[in-house]
Amino acid sequence: MAISMIGVMFMTLPHTWPPIMSARSSRVLRPNYLWLPLYNSMIVLPLIFGYVAFVILGANTDPGAALLHLSAQAFPE
């Protein structure tokens with residue numbers, strides 16, 4: 001989690017490169033820099049869900065179905 005936070009703070013994660021590298025001018029780059037912090041704050045949610053699923057369900061759970069397993073435990077039948 002700490003390494004992810006460092007990557008978000010310095011905008012060094014791979015998902016932040018395309019909007020910056022593909023900007024054709026500084027006019028395009030300004031809105032990209034405006035929306036990237038919001039995007040980065042939203043991308044933290046799947047990280048938190050993944051860590052919670054790992055702690056609650058354990059390492060032997062199928063990662064593709066972790067959210068479904070958490071939902072099944074949280075909601076009544």
# chains A, B, ... in the order shown; residues from 1 in each chain; ligands from 1
>>> residues_around(residues="stretch 43-49 of chain A", least_positions_apart="4", cutoff="10 Å", atoms="only C-alpha atoms", output="ChimeraX atom specification")
/A:1,4-5,8,15,37-39,53-55,66-67,70
>>> atom_distance(atom1="atom CA of A:Phe75", atom2="atom CA of A:Gly50")
18.3 Å
>>> select_by_dssp(residues="chain A", states="alpha helix (DSSP H)", output="mmCIF file with all heavy atoms, in the first residue's frame")
data_model
loop_
_atom_site.group_PDB
_atom_site.id
_atom_site.type_symbol
_atom_site.label_atom_id
_atom_site.label_comp_id
_atom_site.auth_asym_id
_atom_site.auth_seq_id
_atom_site.Cartn_x
_atom_site.Cartn_y
_atom_site.Cartn_z
ATOM 1 N N ALA A 2 1.967 1.222 0.757
ATOM 2 C CA ALA A 2 2.853 2.386 0.814
ATOM 3 C C ALA A 2 3.510 2.637 -0.539
ATOM 4 O O ALA A 2 3.634 3.789 -0.972
ATOM 5 C CB ALA A 2 3.907 2.183 1.890
ATOM 6 N N ILE A 3 3.908 1.579 -1.230
ATOM 7 C CA ILE A 3 4.527 1.749 -2.543
ATOM 8 C C ILE A 3 3.512 2.306 -3.535
ATOM 9 O O ILE A 3 3.849 3.171 -4.360
ATOM 10 C CB ILE A 3 5.117 0.414 -3.038
ATOM 11 C CG1 ILE A 3 6.312 0.043 -2.163
ATOM 12 C CG2 ILE A 3 5.517 0.493 -4.501
ATOM 13 C CD1 ILE A 3 6.866 -1.322 -2.419
ATOM 14 N N SER A 4 2.270 1.880 -3.443
ATOM 15 C CA SER A 4 1.229 2.421 -4.307
ATOM 16 C C SER A 4 1.001 3.900 -4.028
ATOM 17 O O SER A 4 0.810 4.696 -4.947
ATOM 18 C CB SER A 4 -0.074 1.650 -4.110
ATOM 19 O OG SER A 4 0.091 0.318 -4.497
ATOM 20 N N MET A 5 1.026 4.283 -2.751
ATOM 21 C CA MET A 5 0.847 5.691 -2.394
ATOM 22 C C MET A 5 1.998 6.537 -2.946
ATOM 23 O O MET A 5 1.771 7.637 -3.446
ATOM 24 C CB MET A 5 0.779 5.852 -0.881
ATOM 25 C CG MET A 5 -0.467 5.315 -0.258
ATOM 26 S SD MET A 5 -1.737 6.532 -0.118
ATOM 27 C CE MET A 5 -1.047 7.619 1.100
ATOM 28 N N ILE A 6 3.215 6.035 -2.867
ATOM 29 C CA ILE A 6 4.359 6.775 -3.399
ATOM 30 C C ILE A 6 4.218 6.934 -4.916
ATOM 31 O O ILE A 6 4.474 8.002 -5.472
ATOM 32 C CB ILE A 6 5.675 6.073 -3.026
ATOM 33 C CG1 ILE A 6 5.916 6.187 -1.523
ATOM 34 C CG2 ILE A 6 6.845 6.647 -3.814
ATOM 35 C CD1 ILE A 6 7.041 5.321 -1.009
ATOM 36 N N GLY A 7 3.797 5.886 -5.583
ATOM 37 C CA GLY A 7 3.594 5.960 -7.022
ATOM 38 C C GLY A 7 2.516 6.951 -7.408
ATOM 39 O O GLY A 7 2.638 7.666 -8.404
ATOM 40 N N VAL A 8 1.446 7.022 -6.621
ATOM 41 C CA VAL A 8 0.374 7.979 -6.901
ATOM 42 C C VAL A 8 0.847 9.403 -6.632
ATOM 43 O O VAL A 8 0.552 10.330 -7.391
ATOM 44 C CB VAL A 8 -0.876 7.640 -6.059
ATOM 45 C CG1 VAL A 8 -1.883 8.766 -6.094
ATOM 46 C CG2 VAL A 8 -1.515 6.354 -6.557
ATOM 47 N N MET A 9 1.601 9.615 -5.564
ATOM 48 C CA MET A 9 2.054 10.963 -5.224
ATOM 49 C C MET A 9 2.957 11.550 -6.306
ATOM 50 O O MET A 9 2.835 12.724 -6.646
ATOM 51 C CB MET A 9 2.805 10.952 -3.888
ATOM 52 C CG MET A 9 1.926 10.814 -2.698
ATOM 53 S SD MET A 9 2.733 10.834 -1.087
ATOM 54 C CE MET A 9 4.440 10.824 -1.339
ATOM 55 N N TRP A 17 0.782 7.514 -17.387
ATOM 56 C CA TRP A 17 1.635 7.942 -18.494
ATOM 57 C C TRP A 17 0.865 8.269 -19.771
ATOM 58 O O TRP A 17 1.178 9.256 -20.407
ATOM 59 C CB TRP A 17 2.686 6.888 -18.792
ATOM 60 C CG TRP A 17 3.645 6.657 -17.662
ATOM 61 C CD1 TRP A 17 3.809 7.425 -16.547
ATOM 62 C CD2 TRP A 17 4.561 5.584 -17.534
ATOM 63 N NE1 TRP A 17 4.764 6.883 -15.740
ATOM 64 C CE2 TRP A 17 5.252 5.753 -16.321
ATOM 65 C CE3 TRP A 17 4.876 4.503 -18.330
ATOM 66 C CZ2 TRP A 17 6.226 4.887 -15.883
ATOM 67 C CZ3 TRP A 17 5.850 3.629 -17.893
ATOM 68 C CH2 TRP A 17 6.517 3.827 -16.690
ATOM 69 N N PRO A 18 -0.091 7.454 -20.225
ATOM 70 C CA PRO A 18 -0.735 7.759 -21.516
ATOM 71 C C PRO A 18 -1.385 9.138 -21.601
ATOM 72 O O PRO A 18 -1.195 9.821 -22.608
ATOM 73 C CB PRO A 18 -1.771 6.635 -21.671
ATOM 74 C CG PRO A 18 -1.221 5.513 -20.889
ATOM 75 C CD PRO A 18 -0.525 6.144 -19.717
ATOM 76 N N PRO A 19 -2.140 9.613 -20.594
ATOM 77 C CA PRO A 19 -2.710 10.950 -20.765
ATOM 78 C C PRO A 19 -1.660 12.053 -20.810
ATOM 79 O O PRO A 19 -1.879 13.103 -21.396
ATOM 80 C CB PRO A 19 -3.612 11.144 -19.553
ATOM 81 C CG PRO A 19 -3.576 9.925 -18.755
ATOM 82 C CD PRO A 19 -2.604 8.987 -19.365
ATOM 83 N N ILE A 20 -0.515 11.819 -20.202
ATOM 84 C CA ILE A 20 0.532 12.841 -20.198
ATOM 85 C C ILE A 20 1.372 12.757 -21.476
ATOM 86 O O ILE A 20 1.633 13.762 -22.128
ATOM 87 C CB ILE A 20 1.412 12.687 -18.943
ATOM 88 C CG1 ILE A 20 0.579 12.981 -17.703
ATOM 89 C CG2 ILE A 20 2.614 13.591 -19.014
ATOM 90 C CD1 ILE A 20 1.258 12.622 -16.412
ATOM 91 N N MET A 21 1.773 11.551 -21.847
ATOM 92 C CA MET A 21 2.642 11.384 -23.016
ATOM 93 C C MET A 21 1.924 11.635 -24.342
ATOM 94 O O MET A 21 2.537 12.014 -25.330
ATOM 95 C CB MET A 21 3.232 9.974 -23.038
ATOM 96 C CG MET A 21 4.082 9.671 -21.859
ATOM 97 S SD MET A 21 5.639 10.492 -22.016
ATOM 98 C CE MET A 21 6.573 9.664 -20.794
ATOM 99 N N SER A 26 0.303 21.935 -24.619
ATOM 100 C CA SER A 26 0.100 22.264 -23.205
ATOM 101 C C SER A 26 -1.366 22.528 -22.899
ATOM 102 O O SER A 26 -1.804 22.358 -21.761
ATOM 103 C CB SER A 26 0.948 23.464 -22.813
ATOM 104 O OG SER A 26 0.565 24.599 -23.561
ATOM 105 N N ARG A 27 -2.150 22.919 -23.899
ATOM 106 C CA ARG A 27 -3.592 23.117 -23.681
ATOM 107 C C ARG A 27 -4.288 21.798 -23.365
ATOM 108 O O ARG A 27 -5.237 21.765 -22.598
ATOM 109 C CB ARG A 27 -4.231 23.751 -24.914
ATOM 110 C CG ARG A 27 -3.887 25.218 -25.078
ATOM 111 C CD ARG A 27 -4.606 25.807 -26.247
ATOM 112 N NE ARG A 27 -6.045 25.777 -25.999
ATOM 113 C CZ ARG A 27 -6.948 25.968 -26.928
ATOM 114 N NH1 ARG A 27 -6.582 26.195 -28.175
ATOM 115 N NH2 ARG A 27 -8.228 25.939 -26.642
ATOM 116 N N VAL A 28 -3.842 20.734 -23.969
ATOM 117 C CA VAL A 28 -4.413 19.416 -23.709
ATOM 118 C C VAL A 28 -3.902 18.872 -22.381
ATOM 119 O O VAL A 28 -4.622 18.185 -21.657
ATOM 120 C CB VAL A 28 -4.082 18.450 -24.864
ATOM 121 C CG1 VAL A 28 -4.565 17.054 -24.579
ATOM 122 C CG2 VAL A 28 -4.650 18.974 -26.169
ATOM 123 N N LEU A 29 -2.673 19.192 -22.045
ATOM 124 C CA LEU A 29 -2.053 18.679 -20.829
ATOM 125 C C LEU A 29 -2.699 19.247 -19.560
ATOM 126 O O LEU A 29 -2.796 18.561 -18.556
ATOM 127 C CB LEU A 29 -0.566 18.988 -20.851
ATOM 128 C CG LEU A 29 0.328 18.255 -19.885
ATOM 129 C CD1 LEU A 29 0.177 16.764 -20.051
ATOM 130 C CD2 LEU A 29 1.764 18.654 -20.087
ATOM 131 N N ARG A 30 -3.139 20.489 -19.608
ATOM 132 C CA ARG A 30 -3.746 21.105 -18.422
ATOM 133 C C ARG A 30 -4.991 20.362 -17.941
ATOM 134 O O ARG A 30 -5.103 20.059 -16.761
ATOM 135 C CB ARG A 30 -4.048 22.573 -18.701
ATOM 136 C CG ARG A 30 -2.807 23.405 -18.701
ATOM 137 C CD ARG A 30 -3.121 24.887 -18.875
ATOM 138 N NE ARG A 30 -1.896 25.601 -19.132
ATOM 139 C CZ ARG A 30 -1.632 26.256 -20.249
ATOM 140 N NH1 ARG A 30 -2.530 26.317 -21.197
ATOM 141 N NH2 ARG A 30 -0.484 26.863 -20.402
ATOM 142 N N PRO A 31 -5.975 20.053 -18.805
ATOM 143 C CA PRO A 31 -7.126 19.272 -18.312
ATOM 144 C C PRO A 31 -6.733 17.870 -17.841
ATOM 145 O O PRO A 31 -7.340 17.335 -16.914
ATOM 146 C CB PRO A 31 -8.067 19.193 -19.509
ATOM 147 C CG PRO A 31 -7.651 20.270 -20.418
ATOM 148 C CD PRO A 31 -6.205 20.527 -20.162
ATOM 149 N N ASN A 32 -5.712 17.281 -18.489
ATOM 150 C CA ASN A 32 -5.253 15.966 -18.041
ATOM 151 C C ASN A 32 -4.742 16.035 -16.607
ATOM 152 O O ASN A 32 -5.052 15.177 -15.786
ATOM 153 C CB ASN A 32 -4.153 15.437 -18.952
ATOM 154 C CG ASN A 32 -4.686 14.971 -20.285
ATOM 155 O OD1 ASN A 32 -5.882 14.833 -20.464
ATOM 156 N ND2 ASN A 32 -3.799 14.759 -21.227
ATOM 157 N N TYR A 33 -3.942 17.068 -16.322
ATOM 158 C CA TYR A 33 -3.437 17.237 -14.958
ATOM 159 C C TYR A 33 -4.555 17.583 -13.988
ATOM 160 O O TYR A 33 -4.453 17.305 -12.805
ATOM 161 C CB TYR A 33 -2.357 18.312 -14.906
ATOM 162 C CG TYR A 33 -0.977 17.784 -15.173
ATOM 163 C CD1 TYR A 33 -0.228 18.268 -16.222
ATOM 164 C CD2 TYR A 33 -0.424 16.798 -14.374
ATOM 165 C CE1 TYR A 33 1.041 17.787 -16.478
ATOM 166 C CE2 TYR A 33 0.839 16.306 -14.615
ATOM 167 C CZ TYR A 33 1.567 16.809 -15.664
ATOM 168 O OH TYR A 33 2.807 16.309 -15.902
ATOM 169 N N LEU A 34 -5.615 18.173 -14.470
ATOM 170 C CA LEU A 34 -6.754 18.500 -13.610
ATOM 171 C C LEU A 34 -7.497 17.238 -13.177
ATOM 172 O O LEU A 34 -7.893 17.102 -12.025
ATOM 173 C CB LEU A 34 -7.708 19.442 -14.345
ATOM 174 C CG LEU A 34 -8.963 19.856 -13.605
ATOM 175 C CD1 LEU A 34 -8.595 20.792 -12.472
ATOM 176 C CD2 LEU A 34 -9.937 20.509 -14.550
ATOM 177 N N TRP A 35 -7.675 16.288 -14.101
ATOM 178 C CA TRP A 35 -8.473 15.097 -13.804
ATOM 179 C C TRP A 35 -7.661 13.928 -13.254
ATOM 180 O O TRP A 35 -8.239 13.003 -12.680
ATOM 181 C CB TRP A 35 -9.218 14.650 -15.056
ATOM 182 C CG TRP A 35 -10.268 15.628 -15.438
ATOM 183 C CD1 TRP A 35 -10.237 16.499 -16.480
ATOM 184 C CD2 TRP A 35 -11.507 15.861 -14.772
ATOM 185 N NE1 TRP A 35 -11.374 17.257 -16.508
ATOM 186 C CE2 TRP A 35 -12.171 16.881 -15.464
ATOM 187 C CE3 TRP A 35 -12.115 15.307 -13.643
ATOM 188 C CZ2 TRP A 35 -13.412 17.357 -15.076
ATOM 189 C CZ3 TRP A 35 -13.359 15.788 -13.264
ATOM 190 C CH2 TRP A 35 -13.987 16.797 -13.969
ATOM 191 N N LEU A 36 -6.359 13.903 -13.434
ATOM 192 C CA LEU A 36 -5.554 12.779 -12.954
ATOM 193 C C LEU A 36 -5.620 12.570 -11.442
ATOM 194 O O LEU A 36 -5.705 11.418 -11.004
ATOM 195 C CB LEU A 36 -4.105 12.925 -13.404
ATOM 196 C CG LEU A 36 -3.809 12.340 -14.779
ATOM 197 C CD1 LEU A 36 -2.394 12.672 -15.199
ATOM 198 C CD2 LEU A 36 -4.032 10.857 -14.813
ATOM 199 N N PRO A 37 -5.618 13.598 -10.594
ATOM 200 C CA PRO A 37 -5.760 13.329 -9.159
ATOM 201 C C PRO A 37 -7.091 12.670 -8.795
ATOM 202 O O PRO A 37 -7.145 11.792 -7.935
ATOM 203 C CB PRO A 37 -5.640 14.710 -8.510
ATOM 204 C CG PRO A 37 -4.878 15.506 -9.482
ATOM 205 C CD PRO A 37 -5.274 14.993 -10.833
ATOM 206 N N LEU A 38 -8.158 13.067 -9.469
ATOM 207 C CA LEU A 38 -9.456 12.424 -9.215
ATOM 208 C C LEU A 38 -9.412 10.960 -9.642
ATOM 209 O O LEU A 38 -9.882 10.078 -8.918
ATOM 210 C CB LEU A 38 -10.558 13.163 -9.964
ATOM 211 C CG LEU A 38 -11.948 12.568 -9.839
ATOM 212 C CD1 LEU A 38 -12.442 12.674 -8.399
ATOM 213 C CD2 LEU A 38 -12.889 13.248 -10.791
ATOM 214 N N TYR A 39 -8.824 10.706 -10.801
ATOM 215 C CA TYR A 39 -8.692 9.332 -11.276
ATOM 216 C C TYR A 39 -7.843 8.492 -10.323
ATOM 217 O O TYR A 39 -8.183 7.355 -10.008
ATOM 218 C CB TYR A 39 -8.081 9.337 -12.679
ATOM 219 C CG TYR A 39 -7.835 7.973 -13.242
ATOM 220 C CD1 TYR A 39 -8.891 7.172 -13.644
ATOM 221 C CD2 TYR A 39 -6.547 7.482 -13.360
ATOM 222 C CE1 TYR A 39 -8.671 5.918 -14.156
ATOM 223 C CE2 TYR A 39 -6.319 6.229 -13.875
ATOM 224 C CZ TYR A 39 -7.375 5.452 -14.277
ATOM 225 O OH TYR A 39 -7.151 4.210 -14.782
ATOM 226 N N ASN A 40 -6.752 9.069 -9.841
ATOM 227 C CA ASN A 40 -5.887 8.348 -8.910
ATOM 228 C C ASN A 40 -6.579 8.081 -7.587
ATOM 229 O O ASN A 40 -6.357 7.040 -6.967
ATOM 230 C CB ASN A 40 -4.593 9.117 -8.677
ATOM 231 C CG ASN A 40 -3.639 8.991 -9.832
ATOM 232 O OD1 ASN A 40 -3.685 8.033 -10.575
ATOM 233 N ND2 ASN A 40 -2.800 9.981 -9.992
ATOM 234 N N SER A 41 -7.409 8.998 -7.134
ATOM 235 C CA SER A 41 -8.135 8.752 -5.885
ATOM 236 C C SER A 41 -9.189 7.661 -6.074
ATOM 237 O O SER A 41 -9.489 6.922 -5.143
ATOM 238 C CB SER A 41 -8.762 10.038 -5.358
ATOM 239 O OG SER A 41 -9.752 10.499 -6.250
ATOM 240 N N MET A 42 -9.749 7.544 -7.269
ATOM 241 C CA MET A 42 -10.736 6.498 -7.524
ATOM 242 C C MET A 42 -10.082 5.126 -7.692
ATOM 243 O O MET A 42 -10.691 4.109 -7.385
ATOM 244 C CB MET A 42 -11.549 6.833 -8.781
ATOM 245 C CG MET A 42 -12.365 8.087 -8.650
ATOM 246 S SD MET A 42 -13.571 7.993 -7.334
ATOM 247 C CE MET A 42 -14.789 6.969 -8.078
ATOM 248 N N ILE A 43 -8.861 5.092 -8.179
ATOM 249 C CA ILE A 43 -8.191 3.813 -8.404
ATOM 250 C C ILE A 43 -7.715 3.185 -7.094
ATOM 251 O O ILE A 43 -7.360 2.005 -7.053
ATOM 252 C CB ILE A 43 -7.050 3.974 -9.416
ATOM 253 C CG1 ILE A 43 -6.812 2.657 -10.119
ATOM 254 C CG2 ILE A 43 -5.789 4.466 -8.774
ATOM 255 C CD1 ILE A 43 -6.170 2.803 -11.451
ATOM 256 N N VAL A 44 -7.733 3.941 -6.020
ATOM 257 C CA VAL A 44 -7.345 3.406 -4.709
ATOM 258 C C VAL A 44 -8.406 2.432 -4.195
ATOM 259 O O VAL A 44 -8.077 1.480 -3.477
ATOM 260 C CB VAL A 44 -7.101 4.562 -3.715
ATOM 261 C CG1 VAL A 44 -6.946 4.068 -2.306
ATOM 262 C CG2 VAL A 44 -5.883 5.342 -4.126
ATOM 263 N N LEU A 45 -9.656 2.611 -4.581
ATOM 264 C CA LEU A 45 -10.734 1.727 -4.098
ATOM 265 C C LEU A 45 -10.503 0.256 -4.442
ATOM 266 O O LEU A 45 -10.632 -0.600 -3.564
ATOM 267 C CB LEU A 45 -12.084 2.219 -4.617
ATOM 268 C CG LEU A 45 -12.547 3.548 -4.047
ATOM 269 C CD1 LEU A 45 -13.826 4.003 -4.731
ATOM 270 C CD2 LEU A 45 -12.744 3.448 -2.556
ATOM 271 N N PRO A 46 -10.170 -0.100 -5.684
ATOM 272 C CA PRO A 46 -9.884 -1.519 -5.944
ATOM 273 C C PRO A 46 -8.695 -2.046 -5.152
ATOM 274 O O PRO A 46 -8.682 -3.218 -4.763
ATOM 275 C CB PRO A 46 -9.611 -1.572 -7.443
ATOM 276 C CG PRO A 46 -10.253 -0.370 -8.001
ATOM 277 C CD PRO A 46 -10.227 0.666 -6.935
ATOM 278 N N LEU A 47 -7.699 -1.194 -4.898
ATOM 279 C CA LEU A 47 -6.571 -1.623 -4.072
ATOM 280 C C LEU A 47 -7.035 -1.971 -2.664
ATOM 281 O O LEU A 47 -6.639 -3.005 -2.101
ATOM 282 C CB LEU A 47 -5.510 -0.526 -4.002
ATOM 283 C CG LEU A 47 -4.676 -0.286 -5.239
ATOM 284 C CD1 LEU A 47 -3.840 0.969 -5.068
ATOM 285 C CD2 LEU A 47 -3.797 -1.466 -5.509
ATOM 286 N N ILE A 48 -7.869 -1.132 -2.100
ATOM 287 C CA ILE A 48 -8.366 -1.385 -0.745
ATOM 288 C C ILE A 48 -9.215 -2.647 -0.721
ATOM 289 O O ILE A 48 -9.077 -3.475 0.184
ATOM 290 C CB ILE A 48 -9.147 -0.169 -0.234
ATOM 291 C CG1 ILE A 48 -8.183 0.999 -0.013
ATOM 292 C CG2 ILE A 48 -9.895 -0.491 1.046
ATOM 293 C CD1 ILE A 48 -8.858 2.304 0.305
ATOM 294 N N PHE A 49 -10.093 -2.823 -1.711
ATOM 295 C CA PHE A 49 -10.910 -4.044 -1.769
ATOM 296 C C PHE A 49 -10.034 -5.280 -1.881
ATOM 297 O O PHE A 49 -10.313 -6.313 -1.267
ATOM 298 C CB PHE A 49 -11.891 -4.000 -2.950
ATOM 299 C CG PHE A 49 -13.044 -3.085 -2.742
ATOM 300 C CD1 PHE A 49 -13.488 -2.283 -3.768
ATOM 301 C CD2 PHE A 49 -13.698 -3.008 -1.535
ATOM 302 C CE1 PHE A 49 -14.553 -1.428 -3.602
ATOM 303 C CE2 PHE A 49 -14.763 -2.162 -1.346
ATOM 304 C CZ PHE A 49 -15.191 -1.367 -2.386
ATOM 305 N N GLY A 50 -8.981 -5.191 -2.663
ATOM 306 C CA GLY A 50 -8.082 -6.336 -2.818
ATOM 307 C C GLY A 50 -7.372 -6.686 -1.529
ATOM 308 O O GLY A 50 -7.269 -7.866 -1.171
ATOM 309 N N TYR A 51 -6.882 -5.681 -0.807
ATOM 310 C CA TYR A 51 -6.201 -5.949 0.465
ATOM 311 C C TYR A 51 -7.163 -6.498 1.508
ATOM 312 O O TYR A 51 -6.817 -7.401 2.259
ATOM 313 C CB TYR A 51 -5.509 -4.691 0.989
ATOM 314 C CG TYR A 51 -4.300 -4.297 0.183
ATOM 315 C CD1 TYR A 51 -4.163 -3.007 -0.309
ATOM 316 C CD2 TYR A 51 -3.291 -5.203 -0.094
ATOM 317 C CE1 TYR A 51 -3.063 -2.637 -1.049
ATOM 318 C CE2 TYR A 51 -2.188 -4.851 -0.834
ATOM 319 C CZ TYR A 51 -2.081 -3.572 -1.308
ATOM 320 O OH TYR A 51 -0.994 -3.215 -2.048
ATOM 321 N N VAL A 52 -8.380 -5.962 1.544
ATOM 322 C CA VAL A 52 -9.382 -6.465 2.489
ATOM 323 C C VAL A 52 -9.739 -7.907 2.152
ATOM 324 O O VAL A 52 -9.851 -8.756 3.047
ATOM 325 C CB VAL A 52 -10.633 -5.564 2.483
ATOM 326 C CG1 VAL A 52 -11.794 -6.218 3.204
ATOM 327 C CG2 VAL A 52 -10.314 -4.220 3.100
ATOM 328 N N ALA A 53 -9.920 -8.206 0.876
ATOM 329 C CA ALA A 53 -10.235 -9.579 0.474
ATOM 330 C C ALA A 53 -9.103 -10.526 0.831
ATOM 331 O O ALA A 53 -9.345 -11.648 1.287
ATOM 332 C CB ALA A 53 -10.509 -9.631 -1.028
ATOM 333 N N PHE A 54 -7.874 -10.103 0.659
ATOM 334 C CA PHE A 54 -6.734 -10.946 0.996
ATOM 335 C C PHE A 54 -6.690 -11.227 2.493
ATOM 336 O O PHE A 54 -6.424 -12.347 2.913
ATOM 337 C CB PHE A 54 -5.440 -10.268 0.546
ATOM 338 C CG PHE A 54 -4.211 -11.082 0.829
ATOM 339 C CD1 PHE A 54 -3.913 -12.199 0.076
ATOM 340 C CD2 PHE A 54 -3.364 -10.732 1.860
ATOM 341 C CE1 PHE A 54 -2.782 -12.947 0.334
ATOM 342 C CE2 PHE A 54 -2.232 -11.473 2.131
ATOM 343 C CZ PHE A 54 -1.941 -12.581 1.361
ATOM 344 N N VAL A 55 -6.972 -10.219 3.307
ATOM 345 C CA VAL A 55 -6.930 -10.394 4.765
ATOM 346 C C VAL A 55 -8.092 -11.251 5.246
ATOM 347 O O VAL A 55 -7.915 -12.165 6.059
ATOM 348 C CB VAL A 55 -6.924 -9.023 5.477
ATOM 349 C CG1 VAL A 55 -7.150 -9.169 6.964
ATOM 350 C CG2 VAL A 55 -5.624 -8.302 5.211
ATOM 351 N N ILE A 56 -9.289 -11.001 4.749
ATOM 352 C CA ILE A 56 -10.474 -11.713 5.239
ATOM 353 C C ILE A 56 -10.560 -13.123 4.662
ATOM 354 O O ILE A 56 -10.825 -14.081 5.389
ATOM 355 C CB ILE A 56 -11.747 -10.918 4.909
ATOM 356 C CG1 ILE A 56 -11.787 -9.647 5.737
ATOM 357 C CG2 ILE A 56 -12.997 -11.744 5.160
ATOM 358 C CD1 ILE A 56 -12.950 -8.744 5.425
ATOM 359 N N LEU A 57 -10.346 -13.270 3.368
ATOM 360 C CA LEU A 57 -10.563 -14.562 2.720
ATOM 361 C C LEU A 57 -9.323 -15.449 2.702
ATOM 362 O O LEU A 57 -9.436 -16.655 2.583
ATOM 363 C CB LEU A 57 -11.043 -14.346 1.281
ATOM 364 C CG LEU A 57 -12.355 -13.574 1.136
ATOM 365 C CD1 LEU A 57 -12.633 -13.330 -0.332
ATOM 366 C CD2 LEU A 57 -13.495 -14.302 1.796
ATOM 367 N N ALA A 66 -12.999 -12.760 -5.657
ATOM 368 C CA ALA A 66 -12.847 -12.248 -4.289
ATOM 369 C C ALA A 66 -13.957 -11.280 -3.919
ATOM 370 O O ALA A 66 -14.510 -11.348 -2.818
ATOM 371 C CB ALA A 66 -11.493 -11.577 -4.127
ATOM 372 N N LEU A 67 -14.320 -10.384 -4.826
ATOM 373 C CA LEU A 67 -15.389 -9.425 -4.530
ATOM 374 C C LEU A 67 -16.727 -10.136 -4.348
ATOM 375 O O LEU A 67 -17.521 -9.768 -3.478
ATOM 376 C CB LEU A 67 -15.479 -8.377 -5.634
ATOM 377 C CG LEU A 67 -16.456 -7.240 -5.399
ATOM 378 C CD1 LEU A 67 -16.090 -6.471 -4.133
ATOM 379 C CD2 LEU A 67 -16.487 -6.314 -6.580
ATOM 380 N N LEU A 68 -16.964 -11.176 -5.131
ATOM 381 C CA LEU A 68 -18.209 -11.936 -4.979
ATOM 382 C C LEU A 68 -18.243 -12.672 -3.644
ATOM 383 O O LEU A 68 -19.290 -12.738 -2.991
ATOM 384 C CB LEU A 68 -18.369 -12.922 -6.135
ATOM 385 C CG LEU A 68 -18.580 -12.297 -7.506
ATOM 386 C CD1 LEU A 68 -18.568 -13.362 -8.578
ATOM 387 C CD2 LEU A 68 -19.862 -11.507 -7.540
ATOM 388 N N HIS A 69 -17.121 -13.222 -3.226
ATOM 389 C CA HIS A 69 -17.067 -13.904 -1.932
ATOM 390 C C HIS A 69 -17.291 -12.920 -0.782
ATOM 391 O O HIS A 69 -17.991 -13.234 0.178
ATOM 392 C CB HIS A 69 -15.727 -14.615 -1.752
ATOM 393 C CG HIS A 69 -15.566 -15.833 -2.596
ATOM 394 N ND1 HIS A 69 -16.338 -16.965 -2.439
ATOM 395 C CD2 HIS A 69 -14.723 -16.100 -3.620
ATOM 396 C CE1 HIS A 69 -15.975 -17.868 -3.318
ATOM 397 N NE2 HIS A 69 -14.988 -17.360 -4.046
ATOM 398 N N LEU A 70 -16.697 -11.741 -0.879
ATOM 399 C CA LEU A 70 -16.914 -10.724 0.156
ATOM 400 C C LEU A 70 -18.368 -10.285 0.199
ATOM 401 O O LEU A 70 -18.937 -10.090 1.269
ATOM 402 C CB LEU A 70 -16.021 -9.509 -0.089
ATOM 403 C CG LEU A 70 -14.559 -9.648 0.261
ATOM 404 C CD1 LEU A 70 -13.811 -8.405 -0.132
ATOM 405 C CD2 LEU A 70 -14.383 -9.920 1.734
ATOM 406 N N SER A 71 -18.992 -10.123 -0.968
ATOM 407 C CA SER A 71 -20.404 -9.728 -1.022
ATOM 408 C C SER A 71 -21.291 -10.802 -0.419
ATOM 409 O O SER A 71 -22.259 -10.501 0.287
ATOM 410 C CB SER A 71 -20.835 -9.475 -2.461
ATOM 411 O OG SER A 71 -20.002 -8.575 -3.077
ATOM 412 N N ALA A 72 -20.978 -12.047 -0.719
ATOM 413 C CA ALA A 72 -21.777 -13.150 -0.170
ATOM 414 C C ALA A 72 -21.684 -13.210 1.341
ATOM 415 O O ALA A 72 -22.659 -13.551 2.002
ATOM 416 C CB ALA A 72 -21.326 -14.462 -0.792
ATOM 417 N N GLN A 73 -20.529 -12.864 1.889
ATOM 418 C CA GLN A 73 -20.388 -12.870 3.350
ATOM 419 C C GLN A 73 -21.064 -11.667 3.997
ATOM 420 O O GLN A 73 -21.558 -11.743 5.101
ATOM 421 C CB GLN A 73 -18.910 -12.882 3.745
ATOM 422 C CG GLN A 73 -18.231 -14.182 3.479
ATOM 423 C CD GLN A 73 -16.767 -14.157 3.915
ATOM 424 O OE1 GLN A 73 -16.277 -13.158 4.430
ATOM 425 N NE2 GLN A 73 -16.083 -15.266 3.701
ATOM 426 N N ALA A 74 -21.105 -10.545 3.280
ATOM 427 C CA ALA A 74 -21.631 -9.306 3.863
ATOM 428 C C ALA A 74 -23.148 -9.236 3.826
ATOM 429 O O ALA A 74 -23.771 -8.693 4.742
ATOM 430 C CB ALA A 74 -21.049 -8.104 3.141
#
>>> decode(residues="stretch 3-8 of chain A", atoms="N, CA and C atoms", output="compact mmCIF listing (two decimals), in the first residue's frame")
# COMPACT_ATOMS: atom_id res chain seq x y z
N ILE A 3 3.91 1.58 -1.23
CA ILE A 3 4.53 1.75 -2.54
C ILE A 3 3.51 2.31 -3.53
N SER A 4 2.27 1.88 -3.44
CA SER A 4 1.23 2.42 -4.31
C SER A 4 1.00 3.90 -4.03
N MET A 5 1.03 4.28 -2.75
CA MET A 5 0.85 5.69 -2.39
C MET A 5 2.00 6.54 -2.95
N ILE A 6 3.22 6.03 -2.87
CA ILE A 6 4.36 6.77 -3.40
C ILE A 6 4.22 6.93 -4.92
N GLY A 7 3.80 5.89 -5.58
CA GLY A 7 3.59 5.96 -7.02
C GLY A 7 2.52 6.95 -7.41
N VAL A 8 1.45 7.02 -6.62
CA VAL A 8 0.37 7.98 -6.90
C VAL A 8 0.85 9.40 -6.63
